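Enquirer: Sharing my_file17.txt, compact mmCIF, C-alpha atoms:
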```txt
# COMPACT_ATOMS: atom_id res chain seq x y z
CA MET I 811 25.50 -72.07 40.56
CA LYS I 812 24.21 -69.27 42.79
CA HIS I 813 27.33 -67.18 42.16
CA LEU I 814 27.16 -67.82 38.40
CA LEU I 815 23.57 -66.58 38.27
CA ILE I 816 24.52 -63.44 40.18
CA ALA I 817 27.37 -62.78 37.75
CA LEU I 818 25.16 -63.22 34.67
CA MET I 819 22.52 -60.96 36.18
CA ALA I 820 25.03 -58.21 36.82
CA LEU I 821 26.40 -58.45 33.28
CA LEU I 822 22.93 -58.15 31.78
CA ILE I 823 21.99 -55.20 33.93
CA GLY I 824 25.20 -53.22 33.54
CA HIS I 825 26.74 -50.68 35.90
CA PRO I 826 25.54 -47.27 37.09
CA SER I 827 27.94 -44.37 36.85
CA VAL I 828 26.98 -42.65 40.09
CA LYS I 829 25.53 -43.15 43.57
CA ALA I 830 26.23 -46.91 43.81
CA CYS I 831 26.93 -47.62 47.50
CA THR I 832 27.24 -50.63 49.77
CA THR I 833 25.55 -50.17 53.15
CA ALA I 834 24.67 -52.10 56.30
CA ILE I 835 23.04 -51.70 59.68
CA VAL I 836 23.84 -53.78 62.78
CA SER I 837 21.73 -54.25 65.90
CA GLY I 838 23.41 -53.49 69.22
CA LYS I 839 22.21 -56.93 70.34
CA TYR I 840 24.89 -58.44 68.11
CA THR I 841 27.86 -56.16 68.78
CA ALA I 842 30.34 -56.78 71.60
CA ASN I 843 29.69 -53.43 73.31
CA GLY I 844 25.91 -53.37 72.76
CA ARG I 845 25.97 -50.30 70.52
CA PRO I 846 24.24 -50.25 67.10
CA ILE I 847 26.12 -49.46 63.91
CA ILE I 848 25.28 -48.03 60.50
CA TRP I 849 27.90 -48.19 57.70
CA LYS I 850 28.15 -46.75 54.22
CA LEU I 851 30.82 -47.38 51.61
CA ARG I 852 30.14 -44.45 49.30
CA ASP I 853 30.51 -44.81 45.52
CA THR I 854 30.13 -41.66 43.47
CA GLU I 855 31.84 -39.63 40.77
CA THR I 856 32.43 -36.90 43.36
CA PHE I 857 35.69 -38.10 44.88
CA GLU I 858 36.38 -34.99 46.98
CA ASN I 859 34.63 -35.28 50.36
CA LYS I 860 35.00 -33.56 53.74
CA LEU I 861 33.26 -33.17 57.11
CA ARG I 862 31.29 -30.18 58.31
CA TYR I 863 29.68 -29.21 61.62
CA PHE I 864 26.20 -27.67 61.31
CA SER I 865 24.08 -25.56 63.70
CA ASP I 866 21.24 -24.77 61.33
CA GLY I 867 18.46 -26.93 62.76
CA LYS I 868 16.77 -28.09 65.92
CA TYR I 869 19.81 -30.30 66.58
CA ASP I 870 23.46 -29.64 65.81
CA TYR I 871 25.06 -32.31 63.65
CA ILE I 872 28.14 -33.45 61.75
CA GLY I 873 27.76 -34.46 58.11
CA LEU I 874 29.85 -35.92 55.31
CA ILE I 875 29.50 -33.59 52.31
CA ASN I 876 30.90 -33.06 48.83
CA SER I 877 33.81 -30.66 49.09
CA SER I 878 32.34 -28.48 46.32
CA ASP I 879 29.11 -28.03 48.30
CA ALA I 880 30.11 -24.69 49.83
CA LYS I 881 26.72 -24.10 51.47
CA GLY I 882 26.45 -27.63 52.84
CA GLU I 883 23.06 -28.14 51.21
CA GLN I 884 23.32 -31.93 51.01
CA VAL I 885 24.60 -34.48 53.52
CA TRP I 886 25.64 -38.04 52.63
CA GLY I 887 25.79 -39.45 56.15
CA GLY I 888 26.04 -38.05 59.66
CA SER I 889 24.87 -37.90 63.27
CA ASN I 890 23.29 -35.22 65.47
CA ALA I 891 23.30 -34.11 69.10
CA ALA I 892 20.24 -36.25 69.87
CA GLY I 893 22.08 -39.42 68.86
CA PHE I 894 20.12 -39.76 65.61
CA ALA I 895 22.25 -40.89 62.66
CA ILE I 896 21.55 -41.56 59.00
CA MET I 897 23.15 -42.72 55.73
CA ASN I 898 21.80 -44.07 52.42
CA SER I 899 22.29 -46.03 49.24
CA ALA I 900 20.44 -45.34 46.00
CA SER I 901 17.80 -47.75 44.72
CA PHE I 902 17.48 -48.34 40.98
CA ASN I 903 14.43 -50.61 40.87
CA VAL I 904 11.75 -48.29 42.25
CA ASN I 905 9.88 -45.37 40.64
CA LEU I 906 10.42 -47.13 37.30
CA ASP I 907 7.11 -46.03 35.77
CA ASP I 908 7.07 -42.61 37.41
CA THR I 909 7.53 -39.76 34.93
CA THR I 910 8.06 -37.01 37.51
CA SER I 911 11.16 -34.90 37.07
CA PHE I 912 11.46 -34.33 40.82
CA LYS I 913 14.18 -36.73 41.94
CA ASP I 914 17.68 -37.05 43.46
CA GLN I 915 16.63 -35.38 46.71
CA GLU I 916 18.34 -37.84 49.05
CA GLY I 917 21.16 -35.53 50.18
CA PHE I 918 18.74 -32.69 50.95
CA PHE I 919 16.42 -35.09 52.78
CA MET I 920 19.18 -36.52 54.98
CA LYS I 921 20.23 -33.01 55.95
CA GLU I 922 16.65 -32.24 56.96
CA ALA I 923 16.44 -35.47 58.97
CA LEU I 924 19.60 -34.58 60.92
CA GLN I 925 18.23 -31.11 61.59
CA LYS I 926 14.88 -32.33 62.93
CA CYS I 927 14.93 -35.97 64.08
CA ALA I 928 15.81 -37.53 67.42
CA SER I 929 14.33 -40.99 66.88
CA LEU I 930 13.19 -43.54 64.34
CA GLU I 931 9.63 -42.39 65.04
CA ASP I 932 10.58 -38.81 64.16
CA PHE I 933 12.11 -40.04 60.92
CA GLU I 934 9.01 -42.02 60.00
CA ALA I 935 6.90 -38.92 60.62
CA LEU I 936 9.24 -36.91 58.38
CA ILE I 937 8.73 -39.38 55.53
CA HIS I 938 4.95 -39.31 56.03
CA GLU I 939 4.84 -35.51 56.03
CA ARG I 940 6.89 -35.18 52.83
CA PRO I 941 4.56 -34.47 49.89
CA ALA I 942 4.39 -36.98 47.04
CA PRO I 943 6.17 -37.41 44.76
CA LYS I 944 8.91 -37.37 47.37
CA GLY I 945 11.87 -37.27 44.97
CA LEU I 946 13.40 -40.24 46.77
CA ALA I 947 14.60 -43.66 45.61
CA ALA I 948 16.84 -45.01 48.32
CA HIS I 949 17.49 -47.11 51.36
CA PHE I 950 18.03 -44.95 54.44
CA GLY I 951 19.93 -46.60 57.29
CA VAL I 952 18.99 -44.94 60.59
CA LEU I 953 19.82 -45.36 64.27
CA ASP I 954 18.83 -43.50 67.43
CA ALA I 955 19.94 -43.17 71.06
CA LYS I 956 17.26 -45.64 72.22
CA GLY I 957 18.90 -48.52 70.38
CA GLY I 958 16.65 -48.35 67.34
CA VAL I 959 18.31 -49.25 64.03
CA ALA I 960 16.50 -49.84 60.76
CA PHE I 961 16.56 -49.54 56.99
CA TYR I 962 13.77 -47.68 55.22
CA GLU I 963 13.23 -48.50 51.55
CA VAL I 964 11.68 -45.27 50.30
CA ASN I 965 10.20 -44.38 46.91
CA ASN I 966 8.14 -41.47 45.63
CA TYR I 967 4.96 -42.56 47.41
CA ASN I 968 5.63 -44.90 50.33
CA TYR I 969 8.22 -46.72 52.39
CA THR I 970 8.91 -50.11 53.98
CA LYS I 971 10.79 -50.51 57.26
CA PHE I 972 13.33 -53.30 57.88
CA ASP I 973 14.23 -53.51 61.58
CA ALA I 974 17.64 -54.91 62.57
CA ASN I 975 16.34 -55.56 66.09
CA ASP I 976 13.62 -57.87 64.74
CA PRO I 977 14.90 -61.49 64.61
CA ALA I 978 12.37 -62.28 61.88
CA GLN I 979 13.82 -59.58 59.61
CA ALA I 980 17.45 -59.79 60.72
CA PRO I 981 18.16 -63.28 62.13
CA ASN I 982 21.88 -62.51 62.36
CA GLY I 983 21.43 -58.96 63.62
CA TYR I 984 22.40 -57.12 60.46
CA ILE I 985 20.78 -56.00 57.20
CA ILE I 986 22.65 -55.15 53.99
CA ARG I 987 21.61 -53.03 51.03
CA THR I 988 23.38 -52.13 47.81
CA ASN I 989 21.48 -50.59 44.88
CA TYR I 990 18.22 -52.46 44.55
CA SER I 991 15.24 -52.52 46.89
CA PHE I 992 13.68 -55.75 48.11
CA THR I 993 10.34 -54.03 47.60
CA GLY I 994 11.22 -52.95 44.05
CA LYS I 995 11.05 -54.77 40.71
CA LYS I 996 12.77 -58.13 40.91
CA ASP I 997 16.13 -58.64 39.16
CA VAL I 998 16.46 -54.93 38.33
CA GLY I 999 19.02 -52.64 39.90
CA TYR I 1000 22.74 -52.75 40.64
CA GLY I 1001 25.12 -54.23 43.19
CA PHE I 1002 24.05 -57.88 43.14
CA ILE I 1003 27.65 -59.08 43.33
CA ARG I 1004 28.54 -56.53 46.02
CA TYR I 1005 25.52 -57.65 48.01
CA GLN I 1006 26.69 -61.27 47.88
CA THR I 1007 30.19 -60.26 48.95
CA ALA I 1008 28.82 -58.22 51.85
CA GLN I 1009 26.58 -61.09 52.94
CA ASP I 1010 29.57 -63.45 52.93
CA ILE I 1011 31.86 -61.23 54.97
CA PHE I 1012 29.21 -60.09 57.45
CA TYR I 1013 28.07 -63.66 58.07
CA GLN I 1014 31.63 -64.82 58.66
CA ALA I 1015 32.36 -61.93 61.05
CA GLU I 1016 29.11 -62.43 63.00
CA SER I 1017 29.71 -66.18 63.34
CA MET I 1018 33.19 -65.47 64.74
CA GLY I 1019 31.94 -62.80 67.15
CA ALA I 1020 33.91 -60.15 65.28
CA LEU I 1021 31.10 -57.88 64.10
CA ASN I 1022 32.50 -54.60 65.39
CA THR I 1023 33.60 -51.16 64.30
CA GLN I 1024 37.20 -52.08 63.59
CA THR I 1025 36.33 -55.12 61.50
CA ILE I 1026 33.83 -53.20 59.40
CA LEU I 1027 36.11 -50.22 58.84
CA GLN I 1028 39.30 -52.11 58.11
CA ASN I 1029 38.16 -55.37 56.54
CA PHE I 1030 34.87 -54.41 54.90
CA SER I 1031 35.62 -50.83 53.80
CA ARG I 1032 38.86 -52.14 52.27
CA CYS I 1033 37.38 -55.37 50.98
CA LEU I 1034 39.26 -56.97 48.08
CA LYS I 1035 37.06 -60.03 47.76
CA HIS I 1036 35.17 -61.09 44.63
CA ALA I 1037 32.18 -63.26 45.49
CA VAL I 1038 31.60 -64.71 42.02
CA LEU I 1039 35.22 -65.67 41.42
CA ASP I 1040 35.45 -66.82 45.04
CA VAL I 1041 38.80 -65.15 45.57
CA ASP I 1042 40.03 -62.74 48.23
CA TYR I 1043 42.81 -60.70 46.64
CA ARG I 1044 43.78 -59.24 49.98
CA GLN I 1045 44.58 -62.71 51.28
CA GLN I 1046 46.12 -63.90 48.03
CA TYR I 1047 48.51 -61.00 47.47
CA SER I 1048 49.69 -60.83 51.07
CA ALA I 1049 51.97 -63.71 50.01
CA VAL I 1050 53.15 -62.06 46.75
CA ARG I 1051 56.06 -59.62 46.41
CA LYS I 1052 55.28 -56.08 45.35
CA GLY I 1053 55.11 -55.60 41.60
CA GLN I 1054 52.72 -55.01 38.71
CA HIS I 1055 49.81 -57.21 39.80
CA PHE I 1056 46.54 -55.95 38.34
CA VAL I 1057 43.01 -57.16 39.07
CA ASN I 1058 39.66 -55.88 37.81
CA SER I 1059 38.07 -54.24 40.85
CA GLY I 1060 34.83 -53.21 39.14
CA ASP I 1061 32.61 -55.68 41.01
CA MET I 1062 34.30 -55.43 44.39
CA ILE I 1063 32.86 -53.49 47.33
CA THR I 1064 35.84 -51.12 47.29
CA ARG I 1065 36.69 -50.05 43.76
CA HIS I 1066 37.76 -47.05 41.72
CA GLY I 1067 34.41 -45.32 42.25
CA SER I 1068 34.60 -45.59 46.05
CA SER I 1069 34.98 -42.04 47.32
CA SER I 1070 34.69 -42.40 51.10
CA ALA I 1071 33.20 -44.37 53.97
CA ILE I 1072 31.29 -43.42 57.09
CA LEU I 1073 30.42 -45.61 60.07
CA ILE I 1074 28.40 -44.36 63.00
CA GLU I 1075 28.43 -46.29 66.25
CA GLY I 1076 25.50 -45.21 68.38
CA VAL I 1077 25.28 -45.17 72.16
CA SER I 1078 23.83 -47.60 74.67
CA ARG I 1079 20.76 -46.57 76.64
CA GLY I 1080 21.66 -44.00 79.27
CA GLU I 1081 24.82 -42.81 77.53
CA ALA I 1082 25.14 -39.23 76.29
CA PRO I 1083 23.65 -39.15 72.76
CA ASP I 1084 26.13 -36.57 71.49
CA LEU I 1085 28.91 -39.12 72.10
CA SER I 1086 27.87 -41.35 69.20
CA THR I 1087 31.13 -41.97 67.37
CA ILE I 1088 31.28 -40.87 63.74
CA TRP I 1089 34.10 -42.80 62.07
CA THR I 1090 35.08 -41.44 58.68
CA MET I 1091 37.34 -42.26 55.79
CA VAL I 1092 36.91 -38.98 53.93
CA GLY I 1093 38.77 -40.30 50.88
CA PHE I 1094 39.28 -43.53 48.95
CA PRO I 1095 38.92 -46.09 51.78
CA SER I 1096 41.92 -48.24 50.84
CA THR I 1097 44.24 -45.24 51.11
CA CYS I 1098 42.50 -43.25 53.86
CA LEU I 1099 43.11 -43.38 57.60
CA SER I 1100 40.03 -43.98 59.79
CA VAL I 1101 39.31 -40.95 62.01
CA PRO I 1102 36.63 -40.61 64.76
CA VAL I 1103 34.71 -37.43 65.65
CA TRP I 1104 31.87 -36.55 68.04
CA VAL I 1105 29.10 -33.93 67.96
CA LYS I 1106 29.96 -33.26 71.61
CA GLY I 1107 33.18 -31.63 70.40
CA GLY I 1108 31.27 -28.82 68.72
CA ASN I 1109 32.62 -26.90 65.77
CA ASN I 1110 36.20 -27.98 66.40
CA LEU I 1111 36.65 -30.86 63.95
CA PRO I 1112 40.13 -32.09 63.04
CA ALA I 1113 41.65 -29.64 60.58
CA MET I 1114 42.65 -32.45 58.21
CA LEU I 1115 38.97 -33.33 57.67
CA THR I 1116 37.56 -29.88 56.97
CA ALA I 1117 37.97 -26.99 54.55
CA GLU I 1118 36.25 -23.67 53.88
CA GLY I 1119 34.00 -22.95 50.92
CA GLU I 1120 34.52 -25.25 47.96
CA ALA I 1121 38.04 -26.24 49.00
CA ASN I 1122 38.86 -29.89 49.51
CA CYS I 1123 40.14 -31.13 52.86
CA GLU I 1124 43.80 -32.07 53.21
CA LEU I 1125 43.26 -35.73 54.11
CA ASN I 1126 41.14 -36.32 51.03
CA GLU I 1127 43.83 -34.75 48.84
CA LEU I 1128 46.45 -37.05 50.33
CA THR I 1129 44.32 -40.14 49.78
CA LEU I 1130 43.72 -39.24 46.15
CA GLN I 1131 47.47 -38.98 45.56
CA LEU I 1132 47.94 -42.51 46.87
CA LYS I 1133 44.94 -43.74 44.89
CA LYS I 1134 46.78 -42.82 41.68
CA ARG I 1135 49.44 -45.37 42.59
CA CYS I 1136 46.74 -48.01 42.85
CA TYR I 1137 45.00 -47.09 39.60
CA PRO I 1138 47.80 -45.86 37.28
CA ILE I 1139 46.08 -46.73 33.97
CA GLU I 1140 44.11 -43.67 32.91
CA ARG I 1141 43.15 -44.45 29.31
CA SER I 1142 39.87 -46.09 28.33
CA ALA I 1143 38.61 -48.61 30.92
CA GLY I 1144 41.95 -48.68 32.71
CA TYR I 1145 40.34 -47.14 35.79
CA LYS I 1146 38.90 -50.57 36.61
CA TYR I 1147 42.30 -52.14 37.05
CA LEU I 1148 43.78 -52.05 40.52
CA ASN I 1149 47.47 -52.75 41.14
CA VAL I 1150 46.64 -54.68 44.28
CA SER I 1151 50.24 -55.03 45.46
CA GLU I 1152 50.33 -51.28 46.14
CA LEU I 1153 47.85 -52.07 48.91
CA ILE I 1154 48.97 -55.51 50.08
CA ASN I 1155 52.21 -57.42 49.52
CA SER I 1156 54.47 -59.99 51.17
CA GLU I 1157 56.99 -57.34 52.23
CA GLY I 1158 54.33 -55.68 54.35
CA SER I 1159 54.90 -52.34 52.61
CA GLY I 1160 51.40 -51.98 51.18
CA ILE I 1161 49.33 -48.87 51.84
CA ILE I 1162 46.62 -50.81 53.69
CA GLN I 1163 49.21 -52.62 55.77
CA HIS I 1164 50.81 -49.35 56.83
CA LEU I 1165 47.49 -47.64 57.57
CA GLU I 1166 46.26 -50.46 59.76
CA LYS I 1167 49.41 -50.41 61.88
CA VAL I 1168 48.75 -46.73 62.56
CA GLU I 1169 45.04 -47.34 63.15
CA ALA I 1170 45.85 -49.77 65.96
CA SER I 1171 46.64 -46.75 68.13
CA VAL I 1172 43.57 -44.85 66.88
CA PHE I 1173 41.21 -47.65 67.88
CA SER I 1174 42.86 -48.31 71.25
CA THR I 1175 43.00 -44.60 72.17
CA THR I 1176 39.39 -44.06 71.08
CA LYS I 1177 38.19 -46.98 73.19
CA GLN I 1178 40.12 -45.72 76.20
CA LYS I 1179 38.67 -42.22 75.84
CA LEU I 1180 35.10 -43.44 75.33
CA ASP I 1181 35.32 -45.71 78.37
CA GLN I 1182 36.22 -42.61 80.40
CA TRP I 1183 33.75 -40.26 78.71
CA HIS I 1184 30.76 -42.55 79.20
CA ILE I 1185 31.44 -42.37 82.94
CA SER I 1186 32.35 -38.71 83.12
CA ALA I 1187 31.36 -36.42 80.23
CA PRO I 1188 34.37 -34.86 78.47
CA THR I 1189 34.90 -31.15 78.10
CA ILE I 1190 35.23 -29.66 74.65
CA LYS I 1191 38.88 -29.01 75.50
CA GLU I 1192 39.46 -32.73 76.07
CA ILE I 1193 37.94 -33.62 72.72
CA LYS I 1194 39.95 -30.90 70.99
CA GLU I 1195 43.10 -32.45 72.44
CA VAL I 1196 42.16 -35.76 70.82
CA TYR I 1197 41.55 -33.97 67.52
CA THR I 1198 44.96 -32.29 67.71
CA TRP I 1199 46.56 -35.70 68.28
CA LEU I 1200 44.65 -37.12 65.31
CA ASP I 1201 45.71 -34.24 63.03
CA ASP I 1202 49.36 -34.79 63.97
CA LEU I 1203 49.01 -38.53 63.44
CA VAL I 1204 47.49 -38.06 59.98
CA ARG I 1205 50.26 -35.69 58.90
CA LYS I 1206 52.97 -38.02 60.18
CA THR I 1207 51.38 -41.04 58.52
CA TYR I 1208 51.12 -39.51 55.07
CA HIS I 1209 54.52 -37.89 55.29
CA GLY I 1210 55.83 -41.43 55.62
CA PHE I 1211 54.28 -42.37 52.26
CA SER I 1212 56.14 -39.56 50.50
CA GLU I 1213 59.55 -40.57 51.81
```
Transcribe the structure of this file into structure tokens.

Expert:
Amino acid sequence: MKHLLIALMALLIGHPSVKACTTAIVSGKYTANGRPIIWKLRDTETFENKLRYFSDGKYDYIGLINSSDAKGEQVWGGSNAAGFAIMNSASFNVNLDDTTSFKDQEGFFMKEALQKCASLEDFEALIHERPAPKGLAAHFGVLDAKGGVAFYEVNNYNYTKFDANDPAQAPNGYIIRTNYSFTGKKDVGYGFIRYQTAQDIFYQAESMGALNTQTILQNFSRCLKHAVLDVDYRQQYSAVRKGQHFVNSGDMITRHGSSSAILIEGVSRGEAPDLSTIWTMVGFPSTCLSVPVWVKGGNNLPAMLTAEGEANCELNELTLQLKKRCYPIERSAGYKYLNVSELINSEGSGIIQHLEKVEASVFSTTKQKLDQWHISAPTIKEIKEVYTWLDDLVRKTYHGFSE
């Protein structure tokens, strides 16, 4: 009955065309290594994304940006040298009666936060200092090097904090947001079905002790579950031979409008704040390899993740080519229909299956390096060597898809 009500609600409300993301924050008290996590599955009509290193504020930082944003004026998730990290999802049930034309400032605001903030307290001060109307309607997921991790539901005039370290607010150590605020107008907004799906998968992972970076990146950023229909297409089609097997992905966490994903794993107390790990899927998550970067490495990001001016990065281009295989129907509403067996099939030749075999070495190597670096700080040369290895691995992986 609960799932039926959610489905009816979503049908009545409809679907936004842009800025509909699924996000979560996780307390370090509930992760195996004690480090907090913020995660954003980005949905937008801007499918071309890349990374950029910035030195234009009090703190240097790495941000996920639209590839066409040549000046890097807006950031859609990132982390800085002080260990402060931020991401967001849009809220569609606040500012409903506000007639101001000043809005859609979230990307500019997150850039400013990365430039100036070192802590949750700094971020709260930044919100306070921003004149009203603030031009904001969003949930900002934030973490810092002191272990702080919280969501801030922000509108044009005020904000409400939801602390993942507070058992009363996050009894299982995590908080999820899609595209409606808990402080906004009830039953208005978007992402009710995605929220239910996220709640289901996070609860299952936490209860199994598997709430970690790899699970979130691989299983949640490539989620093929539909909460209302109570079916996991990833599980179902792993037993079906490759063919023309289409499902409507419109209400799934990962769908045609998913442009990228970013996960930032913070540091434990006493660890170097510029070694927070910024995991990115700079393209469509189901066809994009997960790649880690660190602010400590300076302006030496993997070449596959960056590009000058308005150019798109190479990894994003490669993921979009594979995405076309998954969504081959271009007319009318055909973009909703995913040929799921391109991603998962009984032969084990699906795109997701291949990517996750490669990612096994990425996760193991990253863990090995971080274990060393948290004891003895790495040189920029050492990090550049990891980036060179990652670039080579990306090229080899996607060359395999073209053969």

Enquirer: So how far away is CA of Lys1134 (chain I) from CA of Gly1053 (chain I), in Å?

Expert: 15.3 Å

Enquirer: Which residues, written as number ranges by chain, have at least one atom at most 8 Å from region 1013-1019 of chain I, with only C-alpha atoms counted and residues fewer than 3 positions away on the same chain left out?

Expert: I: 840-842, 982, 1009-1010, 1025

Enquirer: Go ahead and compute the interatomic distance for CA of Lys995 (chain I) and CA of Phe902 (chain I), in Å to one decimal.

Expert: 9.1 Å

Enquirer: Have a look at I:Trp1199, I:Tyr1000, I:Tyr871, I:Phe1056 and name the one nearest to Arg1135 (chain I); count only C-alpha atoms.

Expert: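 Among the listed residues, the smallest separation from Arg1135 (chain I) belongs to I:Phe1056.
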
Enquirer: Rounded to one decimal in Å, what is the spacing between CA of Lys1177 (chain I) and CA of Val1204 (chain I)?

Expert: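 One can read the CA of Lys1177 (chain I) to CA of Val1204 (chain I) distance as 18.5 Å.
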
Enquirer: So which residues are close to (36.2, -34.6, 58.6), meaning at most 12 Å away in the file's coordinates with only C-alpha atoms counted, and can you show them as a PyMOL selection string?

Expert: chain I and resi 858-863+872-877+887-888+1070-1072+1088-1093+1098-1105+1109-1118+1122-1126+1197+1200-1201+1204

Enquirer: Within 9 Å of (16.7, -44.1, 74.5), in the coordinates the file gives, what residues turn up when you count all atoms listed in the file, written out as a short mmCIF file (atom, residue, chain, number, x, y, z; two decimals) with C-alpha atoms, in the frame of the given file?

Expert:
```
data_model
loop_
_atom_site.label_atom_id
_atom_site.label_comp_id
_atom_site.auth_asym_id
_atom_site.auth_seq_id
_atom_site.Cartn_x
_atom_site.Cartn_y
_atom_site.Cartn_z
CA SER I 929 14.33 -40.99 66.88
CA ASP I 954 18.83 -43.50 67.43
CA ALA I 955 19.94 -43.17 71.06
CA LYS I 956 17.26 -45.64 72.22
CA GLY I 957 18.90 -48.52 70.38
CA GLY I 958 16.65 -48.35 67.34
CA VAL I 1077 25.28 -45.17 72.16
CA SER I 1078 23.83 -47.60 74.67
CA ARG I 1079 20.76 -46.57 76.64
CA GLY I 1080 21.66 -44.00 79.27
CA GLU I 1081 24.82 -42.81 77.53
CA PRO I 1083 23.65 -39.15 72.76
#
```

Enquirer: For a quick check of understanding, using all atoms listed in the file, which of I:Thr1207, I:Gln1182, I:Thr1189, I:Thr1087 has the smallest distance to Thr1129 (chain I)?

Expert: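 Distance minimum relative to Thr1129 (chain I) lands on I:Thr1207.
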
Enquirer: With only C-alpha atoms as the basis for distance, which of I:Ile896, I:Ala974, I:Val1050, I:Met1062 is at the shortest distance from Tyr1005 (chain I)?

Expert: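 Checking each of I:Ile896, I:Ala974, I:Val1050, I:Met1062 against Tyr1005 (chain I), counting only C-alpha atoms, the winner is I:Met1062.
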
Enquirer: Can you work out which one of I:Ser1159, I:Gln1024, I:Thr1097, I:Asn903 has the shortest atom-to-atom distance to Lys996 (chain I), counting all atoms listed in the file?

Expert: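 Among I:Ser1159, I:Gln1024, I:Thr1097, I:Asn903, it is I:Asn903 that comes nearest to Lys996 (chain I).
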
Enquirer: Missing atoms in region 834-845 of chain I should be modelled up to N, CA, C and O atoms and reported as a compact mmCIF listing (two decimals), in the frame of the given file.

Expert:
```txt
# COMPACT_ATOMS: atom_id res chain seq x y z
N ALA I 834 25.14 -51.09 55.35
CA ALA I 834 24.67 -52.10 56.30
C ALA I 834 24.30 -51.45 57.61
O ALA I 834 24.81 -50.38 57.97
N ILE I 835 23.38 -52.09 58.32
CA ILE I 835 23.04 -51.70 59.68
C ILE I 835 23.20 -52.92 60.58
O ILE I 835 22.99 -54.05 60.15
N VAL I 836 23.58 -52.68 61.84
CA VAL I 836 23.84 -53.78 62.78
C VAL I 836 23.16 -53.47 64.11
O VAL I 836 23.35 -52.39 64.68
N SER I 837 22.39 -54.40 64.60
CA SER I 837 21.73 -54.25 65.90
C SER I 837 22.77 -54.29 67.03
O SER I 837 23.73 -55.06 66.99
N GLY I 838 22.54 -53.46 68.05
CA GLY I 838 23.41 -53.49 69.22
C GLY I 838 23.36 -54.81 69.97
O GLY I 838 24.26 -55.12 70.76
N LYS I 839 22.32 -55.61 69.71
CA LYS I 839 22.21 -56.93 70.34
C LYS I 839 23.27 -57.89 69.84
O LYS I 839 23.53 -58.93 70.45
N TYR I 840 23.92 -57.54 68.72
CA TYR I 840 24.89 -58.44 68.11
C TYR I 840 26.30 -57.88 68.09
O TYR I 840 27.19 -58.48 67.50
N THR I 841 26.51 -56.70 68.69
CA THR I 841 27.86 -56.16 68.78
C THR I 841 28.40 -56.38 70.20
O THR I 841 27.63 -56.48 71.16
N ALA I 842 29.71 -56.46 70.32
CA ALA I 842 30.34 -56.78 71.60
C ALA I 842 30.02 -55.76 72.69
O ALA I 842 29.85 -56.11 73.86
N ASN I 843 29.92 -54.47 72.31
CA ASN I 843 29.69 -53.43 73.31
C ASN I 843 28.23 -53.01 73.41
O ASN I 843 27.90 -52.07 74.14
N GLY I 844 27.34 -53.66 72.66
CA GLY I 844 25.91 -53.37 72.76
C GLY I 844 25.46 -52.12 72.05
O GLY I 844 24.32 -51.67 72.23
N ARG I 845 26.31 -51.54 71.21
CA ARG I 845 25.97 -50.30 70.52
C ARG I 845 25.67 -50.59 69.05
O ARG I 845 26.42 -51.31 68.39
```
